[in-house]
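**Student:** There's a structure below that I have some questions on.
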Amino acid sequence: MQFGNSARWMCAAALAIAASVSGAGAAGADAAPGGKAVVVLGDSYSANKWDFFSENAECVHGDTSWPTRLAGLMHGSDLLDGSCPGASIDTPPGYTLGIETRMADQAGAFGPRTKLVTLQFGLNDHWGSNDVTLWSALQKCVFDLVDGCGPEAVDQDRMPDYHGVSGAIYAQRISNAVTYIKYYAPNARIVLVGYPELFPSGQDALCISVLGVAPYIQPRGRALIEFLDRMDRAQREAAGLLGIDFLDNRTPTAGHGLCSDQPWLNGFGDFRADPGGLPFHPSAKGDSVVAGALYDRYMQ
């Protein structure tokens, strides 16, 4: 017998509290029957689409997104894509990890048949001492050629506070959802999916291609690069702390960032990637790399 949705979430809350007190897992608990083989939860790097013409946030998905490509590799429909553009771990007002988990649960996604649950979150959240999001930082910082986007941008509230991005904090923020998923999908591998390489580590300059011929260059972009580097480390460390997996997406996409000769991410109308693709997000090639890595590791 399946639990009612409200009852399941009350049980999950109690389970999270008990786990935080005792440190004990719930791998042997009874799970709801059925479930999808693969459940995808994430932000626009999973969904890879944005409906710019909709007044309401919608969980739309691109035709070449990595979950779509993974479903194709599986030759079936045994995958639920619950990712939503703009989603965060726990930063309002849009979709969050908790909301997506509940929506997937209501769709019957979790159960003993579930083999893989992926999580790809973090870039849309508030971190540290300010409430700046990366989306707002693009205008206030990345595209500001006067003041630049150096480390001082954090104190000026023009860049998310990357000092507050750590593995311990990341793990704490996703722990309730991970506990819930472990309980209701006891046979699943839970995987934190990392973000691809947008820019190489250790440099100051940022660039993004416009039409594939005229790059926009921000010579003082260290704050964004530091934020992305710390996010990658935090995800790796959080996976270890929570006993789940991490899928390194930087190593296989290295050398194919926004400033490269062969980008696997979209600029603005860049014919070398997907001319109509979502800027700063993976091209069809970039998504195929993620889908292939997940399929080879977890679905073979």
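Each chain in the structure tokens gets a letter, A, B, ..., in the order shown, and its residues are numbered from 1; ligands are numbered from 1 in order too.
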With a cut-off of 10 Å, could you pull out the residues of range 75-141 of chain A touching range 227-237 of chain A and give me the nearest pair of atoms for each, distance in Å to one decimal, using only C-alpha atoms, ordered by chain and ascending number, as a Markdown table?
**Tutor:**
| residue | atom | partner | partner_atom | distance |
| --- | --- | --- | --- | --- |
| A:Gln120 | CA | A:Gln235 | CA | 9.3 |
| A:Phe121 | CA | A:Gln235 | CA | 9.1 |
| A:Gly122 | CA | A:Met231 | CA | 7.3 |
| A:Leu123 | CA | A:Met231 | CA | 7.8 |
| A:Trp127 | CA | A:Phe227 | CA | 10.0 |
| A:Leu134 | CA | A:Phe227 | CA | 9.3 |
**Student:** Generate a file of the selected residues that holds N, CA and C atoms, formatted as an mmCIF file, in the first residue's frame.
**Tutor:**
data_model
loop_
_atom_site.group_PDB
_atom_site.id
_atom_site.type_symbol
_atom_site.label_atom_id
_atom_site.label_comp_id
_atom_site.auth_asym_id
_atom_site.auth_seq_id
_atom_site.Cartn_x
_atom_site.Cartn_y
_atom_site.Cartn_z
ATOM 1 N N GLN A 120 21.402 17.842 -9.906
ATOM 2 C CA GLN A 120 22.303 18.855 -10.483
ATOM 3 C C GLN A 120 21.796 20.238 -10.079
ATOM 4 N N PHE A 121 22.354 20.756 -9.001
ATOM 5 C CA PHE A 121 21.884 22.007 -8.407
ATOM 6 C C PHE A 121 23.065 22.817 -7.855
ATOM 7 N N GLY A 122 22.804 24.095 -7.588
ATOM 8 C CA GLY A 122 23.760 24.924 -6.868
ATOM 9 C C GLY A 122 24.025 26.282 -7.461
ATOM 10 N N LEU A 123 24.002 26.408 -8.785
ATOM 11 C CA LEU A 123 24.368 27.677 -9.399
ATOM 12 C C LEU A 123 23.300 28.751 -9.231
ATOM 13 N N TRP A 127 24.435 32.167 -1.567
ATOM 14 C CA TRP A 127 25.519 31.560 -0.787
ATOM 15 C C TRP A 127 26.155 32.628 0.084
ATOM 16 N N LEU A 134 23.573 34.043 -9.384
ATOM 17 C CA LEU A 134 24.456 34.091 -10.548
ATOM 18 C C LEU A 134 23.776 34.776 -11.723
#
**Student:** Quick one: residues within 9 Å of Phe199 in chain A, only C-alpha atoms, excluding same-chain residues fewer than 2 positions away - as a list in words?
**Tutor:**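 Residues near the query, excluding close chain neighbours: Glu197, Ser201, Gln203, Ala205, Leu206, Cys207, Ile225, Leu228, Ala254, Gly255, His256, Gly257, Leu258, Cys259 and Ser260 of chain A.
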**Student:** Give me a file of those residues, with N, CA and C atoms, as a compact mmCIF listing (two decimals), in the first residue's frame.
**Tutor:**
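What ended up in result_21.txt:
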# COMPACT_ATOMS: atom_id res chain seq x y z
N GLU A 197 32.99 22.39 -17.70
CA GLU A 197 33.95 23.49 -17.68
C GLU A 197 33.43 24.64 -18.53
N SER A 201 40.23 26.88 -14.90
CA SER A 201 40.55 27.40 -13.57
C SER A 201 41.82 28.23 -13.61
N GLN A 203 42.44 31.43 -14.19
CA GLN A 203 42.64 32.59 -15.05
C GLN A 203 41.72 33.72 -14.61
N ALA A 205 40.45 36.18 -17.14
CA ALA A 205 39.59 36.63 -18.23
C ALA A 205 38.44 35.66 -18.49
N LEU A 206 37.29 36.23 -18.85
CA LEU A 206 36.12 35.47 -19.28
C LEU A 206 35.81 35.88 -20.71
N CYS A 207 35.23 34.98 -21.45
CA CYS A 207 34.76 35.38 -22.77
C CYS A 207 33.58 34.52 -23.17
N ILE A 225 35.04 32.75 -11.88
CA ILE A 225 35.82 31.54 -11.97
C ILE A 225 36.01 30.91 -10.59
N LEU A 228 32.73 29.16 -9.61
CA LEU A 228 32.55 27.89 -10.30
C LEU A 228 33.50 26.83 -9.75
N ALA A 254 36.82 19.42 -20.44
CA ALA A 254 37.95 20.34 -20.38
C ALA A 254 38.44 20.68 -21.79
N GLY A 255 38.73 21.94 -21.99
CA GLY A 255 39.17 22.40 -23.30
C GLY A 255 38.05 22.70 -24.27
N HIS A 256 36.80 22.58 -23.80
CA HIS A 256 35.66 22.84 -24.67
C HIS A 256 34.69 23.85 -24.04
N GLY A 257 35.24 24.76 -23.24
CA GLY A 257 34.42 25.79 -22.61
C GLY A 257 34.05 26.92 -23.55
N LEU A 258 33.51 27.97 -22.99
CA LEU A 258 32.98 29.07 -23.78
C LEU A 258 34.06 29.81 -24.56
N CYS A 259 35.30 29.78 -24.08
CA CYS A 259 36.39 30.52 -24.74
C CYS A 259 37.22 29.63 -25.66
N SER A 260 36.83 28.40 -25.84
CA SER A 260 37.65 27.46 -26.59
C SER A 260 37.38 27.53 -28.08
**Student:** Please return as a list in words: the residues of range 14-254 of chain A that backbone DSSP assigns to strand (DSSP E).
**Tutor:**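 The strand (DSSP E) subset of range 14-254 of chain A is Val38, Val39, Val40, Leu41, Gly42, Leu79, Leu80, Asp81, Leu116, Val117, Thr118, Leu119, Gln120, Arg189, Ile190, Val191, Leu192, Val193, Leu206, Cys207, Ile208, Tyr216, Ile217, Gln218, Asp245, Phe246 and Leu247 of chain A.
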**Student:** Would you mind telling me which residue in A:Phe271, A:Tyr183, A:Phe110, A:Trp66 lies nearest to Lys285 in chain A when using only C-alpha atoms?
**Tutor:** A:Trp66
**Student:** Give the helix (DSSP H, G or I) residues of range 34-265 of chain A, as assigned by DSSP on the backbone, as an NGL selection string.
**Tutor:** :A and (44-47 or 66-74 or 97-106 or 134-142 or 152-155 or 162-164 or 167-184 or 222-242 or 250-253)
**Student:** What's around Ser88 in chain A at 10 Å? Count only C-alpha atoms, leave out sequence neighbours fewer than 6 positions away in its own chain, and write the answer as an NGL selection string.
**Tutor:** :A and (42-44 or 94-100 or 120-126)
**Student:** Separation of CA of Ala109 in chain A and CA of Asp78 in chain A, in Å?
**Tutor:**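 So the two atoms, CA of Ala109 in chain A and CA of Asp78 in chain A, lie 9.5 Å apart.
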**Student:** Pick out the residues sitting within 10 Å of Ile181 in chain A, and hand them over as JSON, numbers by chain; count only C-alpha atoms, and ignore anything fewer than 4 positions along from it in its own chain.
**Tutor:** {"A": [12, 31, 101, 105, 110, 111, 114, 117, 175, 176, 177, 185, 186, 187, 188, 189, 190]}
**Student:** Ranking A:Glu226, A:Asp204, A:Asp63, A:Asp131 by minimum distance to Trp50 in chain A and counting only C-alpha atoms, which one comes first?
**Tutor:**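 Checking each candidate against Trp50 in chain A, we get A:Asp63 as the closest.
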**Student:** So that I can see what lies close to Val191 in chain A, please list as a list of chain:residue names the residues with an atom at most 8 Å from it, counting only C-alpha atoms and leaving out residues fewer than 4 positions away in the same chain.
**Tutor:** A:Leu116, A:Val117, A:Thr118, A:Leu119, A:Ala239, A:Ile244, A:Asp245, A:Phe246, A:Leu247
**Student:** Using C-alpha atoms, can you write the selected residues to a file as a short mmCIF file (atom, residue, chain, number, x, y, z; two decimals), in the first residue's frame?
**Tutor:**
data_model
loop_
_atom_site.label_atom_id
_atom_site.label_comp_id
_atom_site.auth_asym_id
_atom_site.auth_seq_id
_atom_site.Cartn_x
_atom_site.Cartn_y
_atom_site.Cartn_z
CA LEU A 116 19.55 5.96 -10.55
CA VAL A 117 18.60 9.38 -9.19
CA THR A 118 20.59 12.37 -10.40
CA LEU A 119 20.86 15.78 -8.73
CA ALA A 239 28.92 13.56 -2.22
CA ILE A 244 26.49 9.27 -2.64
CA ASP A 245 28.26 9.47 -6.02
CA PHE A 246 29.68 12.42 -7.90
CA LEU A 247 29.84 12.55 -11.70
#
**Student:** Looking at only C-alpha atoms, which of A:Ala223, A:Ala284, A:Leu192, A:Ala291 is the one that sits closest to Val154 in chain A?
**Tutor:**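 Answer, going by the shortest atom-to-atom distance: A:Ala223.
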